[in-house]
>>> print(open('my_file33.txt').read())   # compact mmCIF, C-alpha atoms
# COMPACT_ATOMS: atom_id res chain seq x y z
CA MET A 611 -1.34 -5.34 24.97
CA LYS A 612 2.26 -4.25 24.57
CA ILE A 613 3.92 -4.66 21.18
CA ASN A 614 7.64 -5.29 21.25
CA THR A 615 9.21 -3.65 18.19
CA GLY A 616 12.76 -4.77 18.92
CA ASN A 617 12.54 -7.96 16.86
CA ILE A 618 10.74 -6.50 13.84
CA ASN A 619 12.90 -6.56 10.72
CA TRP A 620 12.79 -4.14 7.80
CA GLU A 621 10.30 -6.18 5.73
CA LYS A 622 7.75 -6.01 8.53
CA LYS A 623 8.37 -2.32 9.18
CA SER A 624 8.01 -1.55 5.50
CA GLY A 625 4.59 -3.25 5.54
CA ILE A 626 3.37 -0.51 7.87
CA LEU A 627 5.15 2.16 5.83
CA ILE A 628 3.50 0.94 2.63
CA ILE A 629 0.05 1.44 4.08
CA VAL A 630 0.96 4.92 5.35
CA ILE A 631 2.34 5.91 1.94
CA CYS A 632 -0.70 4.64 0.03
CA LEU A 633 -3.17 6.28 2.42
CA SER A 634 -1.30 9.59 2.31
CA ALA A 635 -1.27 9.51 -1.50
CA MET A 636 -5.02 8.89 -1.49
CA LEU A 637 -5.57 11.80 0.91
CA ILE A 638 -3.36 14.11 -1.14
CA ARG A 639 -5.31 13.17 -4.26
CA HIS A 640 -8.58 13.91 -2.46
CA PHE A 641 -7.54 17.30 -1.07
CA ILE A 642 -5.81 18.41 -4.26
CA GLU A 643 -9.15 18.38 -6.11
CA TYR A 644 -9.94 21.75 -4.51
CA TYR A 645 -7.04 23.27 -6.46
CA ARG A 646 -8.21 22.10 -9.89
CA GLY A 647 -6.91 24.39 -12.61
CA THR A 648 -3.81 25.54 -10.72
CA TRP A 649 -0.21 24.45 -10.87
CA ILE A 650 -0.69 22.57 -7.59
CA TYR A 651 -3.22 20.27 -9.24
CA GLN A 652 -1.17 20.05 -12.41
CA TYR A 653 1.86 18.62 -10.59
CA GLY A 654 0.20 17.10 -7.54
CA ALA A 655 -2.28 14.82 -9.27
CA PRO A 656 0.25 12.80 -11.30
CA LEU A 657 2.65 12.76 -8.37
CA SER A 658 0.03 11.34 -6.01
CA LEU A 659 -0.89 8.66 -8.56
CA LEU A 660 2.77 7.76 -9.00
CA VAL A 661 3.26 7.48 -5.23
CA PHE A 662 0.10 5.41 -4.80
CA TYR A 663 0.85 2.92 -7.57
CA GLY A 664 4.47 2.77 -6.46
CA GLY A 665 3.21 1.80 -3.01
CA VAL A 666 1.01 -0.89 -4.54
CA LEU A 667 3.98 -2.29 -6.46
CA TRP A 668 6.10 -2.13 -3.31
CA SER A 669 3.30 -3.94 -1.47
CA PHE A 670 3.38 -6.79 -3.99
CA ILE A 671 7.17 -7.11 -3.81
CA ASN A 672 7.29 -6.89 -0.02
CA THR A 673 4.53 -9.50 0.36
CA PHE A 674 6.43 -11.83 -1.94
CA LEU A 675 9.62 -11.27 0.10
CA LEU A 676 7.81 -11.97 3.37
CA ILE A 677 6.26 -15.17 2.02
CA SER A 678 9.57 -16.43 0.67
CA LYS A 679 11.43 -15.54 3.89
CA TYR A 680 8.93 -17.11 6.28
CA LYS A 681 7.98 -20.28 4.40
CA THR A 682 8.39 -22.45 7.47
CA GLU A 683 6.79 -19.95 9.88
CA LEU A 684 3.99 -18.78 7.59
CA ARG A 685 1.22 -19.15 10.13
CA LYS A 686 3.19 -17.24 12.78
CA ASN A 687 3.78 -14.26 10.46
CA LEU A 688 0.42 -14.25 8.68
CA ILE A 689 -0.60 -10.89 10.18
CA TRP A 690 2.50 -9.18 8.75
CA ILE A 691 1.98 -10.77 5.36
CA ILE A 692 -1.66 -9.67 5.18
CA LEU A 693 -0.74 -6.21 6.47
CA SER A 694 1.85 -5.86 3.72
CA ALA A 695 -0.60 -7.08 1.08
CA ILE A 696 -3.45 -4.66 1.91
CA PRO A 697 -2.71 -2.06 -0.85
CA PHE A 698 -2.20 -4.76 -3.48
CA LEU A 699 -5.38 -6.54 -2.39
CA TYR A 700 -7.28 -3.24 -2.46
CA ILE A 701 -6.33 -2.58 -6.09
CA SER A 702 -6.99 -6.19 -7.08
CA ILE A 703 -10.45 -6.26 -5.51
CA MET A 704 -11.39 -2.87 -6.97
CA MET A 705 -10.31 -4.00 -10.45
CA ILE A 706 -12.35 -7.19 -10.14
CA ILE A 707 -15.40 -5.19 -9.08
CA ALA A 708 -14.92 -2.70 -11.93
CA MET A 709 -14.54 -5.47 -14.50
CA ASN A 710 -17.67 -7.23 -13.29
CA LYS A 711 -19.71 -4.02 -13.51
CA THR A 712 -18.93 -3.57 -17.21
CA ILE A 713 -19.93 -7.10 -18.23
>>> encode(input="my_file33.txt", output="structure tokens")
Amino acid sequence: MKINTGNINWEKKSGILIIVICLSAMLIRHFIEYYRGTWIYQYGAPLSLLVFYGGVLWSFINTFLLISKYKTELRKNLIWIILSAIPFLYISIMMIIAMNKTI
């Protein structure tokens, strides 16, 4: 299956970039735990959280832009909308699970 990337606009490309940014922030946060107590951990931990939650916010905004742009062709672009919403859905589902565990 060949994917033609010539007709992909910036909202669709940023959906892929959002996932890459959020995954890389999660990996940085995981690997930075080995440097606990050093300046790398001191600056890297808040930076990785900022990048991750910035990606989640960007995911929400980009999903909203994709839905508003493709109102008439929503079914045709559903894959791109879901792809863009993955980080936001991840945080939402994890918060729902965490809230249900405490009740």
>>> atom_distance(input="my_file33.txt", atom1="CA of Val666 (chain A)", atom2="CA of Ile638 (chain A)")
16.0 Å
>>> atom_distance(input="my_file33.txt", atom1="CA of Ile626 (chain A)", atom2="CA of Gly654 (chain A)")
23.6 Å
>>> closest_residue(input="my_file33.txt", among="A:Ile618, A:Ala695, A:Ala635, A:Leu657", to="Leu675 (chain A)", atoms="only C-alpha atoms")
A:Ala695
>>> atom_distance(input="my_file33.txt", atom1="CA of Leu693 (chain A)", atom2="CA of Ile629 (chain A)")
8.1 Å
>>> residues_near_point(input="my_file33.txt", point="(-4.3, -5.2, -4.0)", cutoff="12 Å", atoms="only C-alpha atoms", output="number ranges by chain")
A: 628-629, 632, 662-663, 665-671, 673, 692-706
>>> closest_residue(input="my_file33.txt", among="A:Asn672, A:Ala655, A:Ile650, A:Leu637", to="Gly625 (chain A)", atoms="only C-alpha atoms")
A:Asn672
>>> closest_residue(input="my_file33.txt", among="A:Tyr653, A:Ser658, A:Arg685, A:Leu676", to="Glu621 (chain A)", atoms="all atoms listed in the file")
A:Leu676
>>> axis_aligned_box(input="my_file33.txt", around="region 647-666 of chain A", padding_each_side="3 Å", output="JSON")
{"center_x": -1.2, "center_y": 12.3, "center_z": -7.8, "size_x": 17.4, "size_y": 32.4, "size_z": 15.6}
